[in-house]
file structure_17.cif (mmCIF, C-alpha atoms)
data_structure
#
loop_
_atom_site.label_atom_id
_atom_site.label_comp_id
_atom_site.auth_asym_id
_atom_site.auth_seq_id
_atom_site.Cartn_x
_atom_site.Cartn_y
_atom_site.Cartn_z
CA MET A 1 71.68 130.19 88.79
CA VAL A 2 68.34 129.15 90.21
CA GLY A 3 64.86 129.83 88.91
CA LEU A 4 61.27 129.14 89.93
CA VAL A 5 58.53 127.32 88.09
CA TYR A 6 54.96 127.77 89.32
CA VAL A 7 52.54 125.09 88.13
CA ALA A 8 48.88 126.09 88.63
CA ALA A 9 50.10 127.90 91.73
CA PHE A 10 50.01 131.25 93.45
CA ALA A 11 52.98 133.59 93.39
CA PRO A 12 52.02 135.82 96.33
CA ASP A 13 53.74 139.05 97.25
CA GLN A 14 54.92 139.79 100.76
CA GLY A 15 52.04 140.28 103.15
CA GLU A 16 49.40 138.67 100.96
CA VAL A 17 47.09 136.27 102.70
CA GLY A 18 46.52 132.70 101.59
CA GLU A 19 42.85 133.42 100.99
CA VAL A 20 43.56 135.09 97.63
CA ALA A 21 41.56 132.30 95.96
CA ALA A 22 38.47 133.98 97.40
CA SER A 23 39.10 136.95 95.08
CA SER A 24 39.03 134.75 91.98
CA LYS A 25 36.10 134.82 89.60
CA ASP A 26 37.24 131.41 88.26
CA SER A 27 37.70 129.52 91.53
CA VAL A 28 34.95 127.53 93.22
CA LEU A 29 37.28 126.07 95.85
CA MET A 30 35.86 127.92 98.85
CA THR A 31 32.37 126.52 98.14
CA ALA A 32 33.70 122.96 98.06
CA LEU A 33 35.74 122.83 101.26
CA VAL A 34 34.83 120.52 104.13
CA GLN A 35 36.05 121.56 107.58
CA ARG A 36 37.47 119.05 110.04
CA GLY A 37 39.46 119.15 113.24
CA TYR A 38 42.73 117.43 114.00
CA PRO A 39 44.47 116.91 117.35
CA THR A 40 47.32 119.27 118.10
CA GLY A 41 48.72 117.43 121.10
CA PRO A 42 47.73 115.65 124.27
CA GLY A 43 44.23 116.31 125.52
CA THR A 44 41.34 117.67 123.56
CA GLU A 45 42.95 120.61 121.75
CA THR A 46 42.29 120.65 118.05
CA ALA A 47 43.00 122.84 115.05
CA THR A 48 41.00 123.23 111.87
CA GLU A 49 41.86 121.74 108.51
CA PHE A 50 40.05 121.61 105.19
CA LEU A 51 39.70 119.13 102.38
CA VAL A 52 37.83 119.29 99.11
CA ASP A 53 34.45 117.60 99.32
CA PRO A 54 35.09 114.26 97.60
CA ALA A 55 31.77 114.59 95.74
CA ARG A 56 33.03 117.83 94.16
CA PHE A 57 36.71 116.96 93.83
CA GLY A 58 36.51 116.20 90.10
CA GLU A 59 34.71 119.46 89.32
CA VAL A 60 37.01 121.62 91.45
CA PHE A 61 40.41 119.98 91.14
CA ALA A 62 40.51 117.43 88.35
CA ALA A 63 37.83 118.13 85.73
CA ASP A 64 40.08 116.98 82.88
CA LEU A 65 40.92 113.57 84.36
CA PRO A 66 38.90 110.37 84.03
CA ALA A 67 36.26 110.14 86.78
CA GLU A 68 37.89 107.03 88.24
CA GLN A 69 41.29 108.75 88.58
CA ALA A 70 39.68 111.86 90.11
CA ALA A 71 37.84 109.62 92.61
CA VAL A 72 41.12 108.02 93.70
CA MET A 73 42.67 111.46 94.12
CA ALA A 74 39.64 112.60 96.13
CA ALA A 75 39.88 109.58 98.43
CA THR A 76 43.62 110.04 99.01
CA GLN A 77 43.81 113.83 99.22
CA ARG A 78 45.68 115.39 102.12
CA PRO A 79 43.87 118.12 104.03
CA VAL A 80 45.31 121.60 104.38
CA ALA A 81 45.55 123.45 107.68
CA ALA A 82 43.22 126.44 108.03
CA ALA A 83 46.33 128.55 108.63
CA ALA A 84 47.11 128.20 104.92
CA PHE A 85 44.18 130.54 104.28
CA SER A 86 45.13 133.11 106.92
CA ASP A 87 48.93 133.18 107.19
CA VAL A 88 50.63 136.00 105.30
CA SER A 89 53.43 135.40 102.84
CA GLY A 90 57.01 136.38 103.49
CA PRO A 91 59.40 137.91 100.97
CA PRO A 92 58.71 136.42 97.53
CA ALA A 93 61.50 134.59 95.76
CA TRP A 94 60.21 135.82 92.38
CA LYS A 95 61.50 139.31 93.17
CA SER A 96 65.09 138.07 92.96
CA LEU A 97 64.91 134.91 90.83
CA PRO A 98 63.77 134.35 87.26
CA SER A 99 60.34 132.74 87.17
CA TRP A 100 58.08 130.75 84.87
CA ALA A 101 54.47 129.75 85.30
CA VAL A 102 52.03 127.22 83.92
CA VAL A 103 48.55 128.73 83.96
CA ALA A 104 45.90 126.01 83.73
CA THR A 105 43.03 127.64 81.87
CA GLY A 106 40.41 125.45 83.57
CA ASP A 107 41.77 125.80 87.11
CA LYS A 108 38.71 126.00 89.38
CA ALA A 109 40.77 125.53 92.56
CA ALA A 110 43.35 128.31 92.54
CA GLY A 111 41.50 130.20 89.82
CA SER A 112 43.05 130.77 86.39
CA ASP A 113 42.51 134.52 86.68
CA VAL A 114 44.46 134.85 89.94
CA VAL A 115 47.26 132.50 88.85
CA ARG A 116 47.58 134.43 85.55
CA SER A 117 47.66 137.86 87.22
CA MET A 118 50.21 136.73 89.82
CA ALA A 119 52.44 135.27 87.09
CA GLN A 120 52.26 138.54 85.16
CA ARG A 121 53.06 140.58 88.26
CA ALA A 122 56.03 138.30 88.98
CA GLY A 123 57.33 138.84 85.47
CA ALA A 124 57.18 135.08 84.92
CA GLY A 125 57.55 133.61 81.49
CA SER A 126 54.24 131.82 81.29
CA VAL A 127 52.36 129.35 79.16
CA GLU A 128 48.64 128.75 79.21
CA VAL A 129 47.67 125.11 79.08
CA GLU A 130 44.16 123.74 78.78
CA GLY A 131 43.76 121.82 81.99
CA SER A 132 42.54 121.72 85.57
CA HIS A 133 44.39 122.45 88.80
CA VAL A 134 46.16 119.11 88.38
CA VAL A 135 47.51 120.08 84.96
CA MET A 136 50.79 118.37 85.90
CA VAL A 137 48.85 115.08 85.82
CA SER A 138 46.57 115.76 82.87
CA GLN A 139 49.09 117.60 80.66
CA PRO A 140 52.52 116.47 81.93
CA GLN A 141 54.40 117.15 78.69
CA ALA A 142 53.41 120.82 78.67
CA VAL A 143 54.67 121.15 82.26
CA VAL A 144 57.91 119.30 81.47
CA ASP A 145 58.46 121.52 78.43
CA LEU A 146 58.26 124.68 80.54
CA ILE A 147 60.56 123.20 83.20
CA VAL A 148 63.10 122.36 80.48
CA THR A 149 62.81 125.89 79.09
CA ALA A 150 63.41 127.31 82.57
CA ALA A 151 66.36 125.00 83.22
CA ARG A 152 67.99 125.97 79.91
CA ALA A 153 67.50 129.65 80.68
CA VAL A 154 69.35 129.42 84.00
CA THR A 155 72.09 127.01 82.88
CA PRO A 156 75.34 128.55 81.67
CA SER A 157 75.77 128.00 77.93
CA ASP A 158 79.37 126.72 78.31
CA ARG A 159 78.14 123.39 79.73
#

call {"tool": "encode", "arguments": {"input": "structure_17.cif", "output": "structure tokens"}}
result
Amino acid sequence: MVGLVYVAAFAPDQGEVGEVAASSKDSVLMTALVQRGYPTGPGTETATEFLVDPARFGEVFAADLPAEQAAVMAATQRPVAAAAFSDVSGPPAWKSLPSWAVVATGDKAAGSDVVRSMAQRAGAGSVEVEGSHVVMVSQPQAVVDLIVTAARAVTPSDR
């Protein structure tokens, strides 16, 4: 059997738009995005992408990491295409697969409130962990523990 583990992540339903972070009372992501263009092929055609303002990266993404580590992450971050905020989701896997979620209580990127409500709607077994959006870096053992719990739940007991 297969299961899903969401770590400080959305669990959207079909038809939901990627801009759900805008509905969060906890997220400050939209105020920290920097818009850029990238080439989409020969000529001058470009598309829009966003990255987190490096000056605000620590506050938004990595508040529980040392400033030096957050600065490295800010400098090496990969931008996200604007389509990520406008494309709608397809059929959600959580409707047919068991799910678990790590809700980072200090997540200012996705927004703890939205991540928590999506996990509840998905029927995910969830744990709340004090941490930022990069809780998998700041609190790796808590994330590993939930992954192990999920793996044990979907593994036949005769193994």

call {"tool": "atom_distance", "arguments": {"input": "structure_17.cif", "atom1": "atom CA of Ala8 of chain A", "atom2": "atom CA of Ala101 of chain A"}}
result
7.5 Å

call {"tool": "atom_distance", "arguments": {"input": "structure_17.cif", "atom1": "atom CA of Val135 of chain A", "atom2": "atom CA of Ala63 of chain A"}}
result
9.9 Å

call {"tool": "resolve_selection", "arguments": {"input": "structure_17.cif", "expression": "the PyMOL selection byres ((chain A and resi 147) around 12)", "output": "PyMOL selection string"}}
result
chain A and resi 3-7+99-102+125-127+136+140-146+148-154

call {"tool": "closest_residue", "arguments": {"input": "structure_17.cif", "among": "A:Gln35, A:Ser23, A:Thr46, A:Ser96", "to": "Ala124 of chain A", "atoms": "all atoms listed in the file"}}
result
A:Ser96

call {"tool": "atom_distance", "arguments": {"input": "structure_17.cif", "atom1": "atom CA of Ala9 of chain A", "atom2": "atom CA of Met73 of chain A"}}
result
18.2 Å

call {"tool": "closest_residue", "arguments": {"input": "structure_17.cif", "among": "A:Met1, A:Val72, A:Val137, A:Leu29", "to": "Gly111 of chain A", "atoms": "only C-alpha atoms"}}
result
A:Leu29

call {"tool": "resolve_selection", "arguments": {"input": "structure_17.cif", "expression": "the PyMOL selection byres ((chain A and resi 15) around 7)", "output": "MDAnalysis selection string"}}
result
chainID A and resid 13:14 16:17 88:90

call {"tool": "closest_residue", "arguments": {"input": "structure_17.cif", "among": "A:Ala82, A:Val129, A:Leu97, A:Thr105", "to": "Glu19 of chain A", "atoms": "all atoms listed in the file"}}
result
A:Ala82

call {"tool": "residues_around", "arguments": {"input": "structure_17.cif", "residues": "Ala109 of chain A", "least_positions_apart": "4", "cutoff": "8 Å", "atoms": "all atoms listed in the file", "output": "VMD selection string"}}
result
chain A and resid 21 27 to 29 60 to 61 133

call {"tool": "residues_around", "arguments": {"input": "structure_17.cif", "residues": "Pro66 of chain A", "least_positions_apart": "5", "cutoff": "10 Å", "atoms": "all atoms listed in the file", "output": "list in words"}}
result
Gly58, Ala71 and Ser138 of chain A

call {"tool": "decode", "arguments": {"input": "structure_17.cif", "residues": "segment 47-76 of chain A", "atoms": "C-alpha atoms", "output": "mmCIF file, in the first residue's frame"}}
result
data_model
loop_
_atom_site.group_PDB
_atom_site.id
_atom_site.type_symbol
_atom_site.label_atom_id
_atom_site.label_comp_id
_atom_site.auth_asym_id
_atom_site.auth_seq_id
_atom_site.Cartn_x
_atom_site.Cartn_y
_atom_site.Cartn_z
ATOM 1 C CA ALA A 47 7.273 34.181 -18.585
ATOM 2 C CA THR A 48 7.010 35.335 -14.996
ATOM 3 C CA GLU A 49 8.576 33.647 -12.002
ATOM 4 C CA PHE A 50 8.830 34.582 -8.344
ATOM 5 C CA LEU A 51 11.390 34.185 -5.614
ATOM 6 C CA VAL A 52 11.362 35.190 -1.981
ATOM 7 C CA ASP A 53 13.121 38.493 -1.400
ATOM 8 C CA PRO A 54 16.494 37.400 0.000
ATOM 9 C CA ALA A 55 16.289 40.160 2.631
ATOM 10 C CA ARG A 56 13.064 38.595 3.956
ATOM 11 C CA PHE A 57 13.858 34.937 3.340
ATOM 12 C CA GLY A 58 14.726 34.191 6.969
ATOM 13 C CA GLU A 59 11.529 35.788 8.278
ATOM 14 C CA VAL A 60 9.257 34.124 5.713
ATOM 15 C CA PHE A 61 10.836 30.725 5.122
ATOM 16 C CA ALA A 62 13.452 29.906 7.717
ATOM 17 C CA ALA A 63 12.880 31.859 10.938
ATOM 18 C CA ASP A 64 14.060 28.958 13.110
ATOM 19 C CA LEU A 65 17.408 28.465 11.366
ATOM 20 C CA PRO A 66 20.657 30.286 12.081
ATOM 21 C CA ALA A 67 20.879 33.528 10.058
ATOM 22 C CA GLU A 68 23.908 32.257 8.146
ATOM 23 C CA GLN A 69 22.103 29.081 7.033
ATOM 24 C CA ALA A 70 18.990 31.061 6.040
ATOM 25 C CA ALA A 71 21.198 33.428 4.009
ATOM 26 C CA VAL A 72 22.704 30.499 2.086
ATOM 27 C CA MET A 73 19.217 29.148 1.410
ATOM 28 C CA ALA A 74 18.085 32.604 0.247
ATOM 29 C CA ALA A 75 21.038 32.888 -2.133
ATOM 30 C CA THR A 76 20.485 29.424 -3.607
#
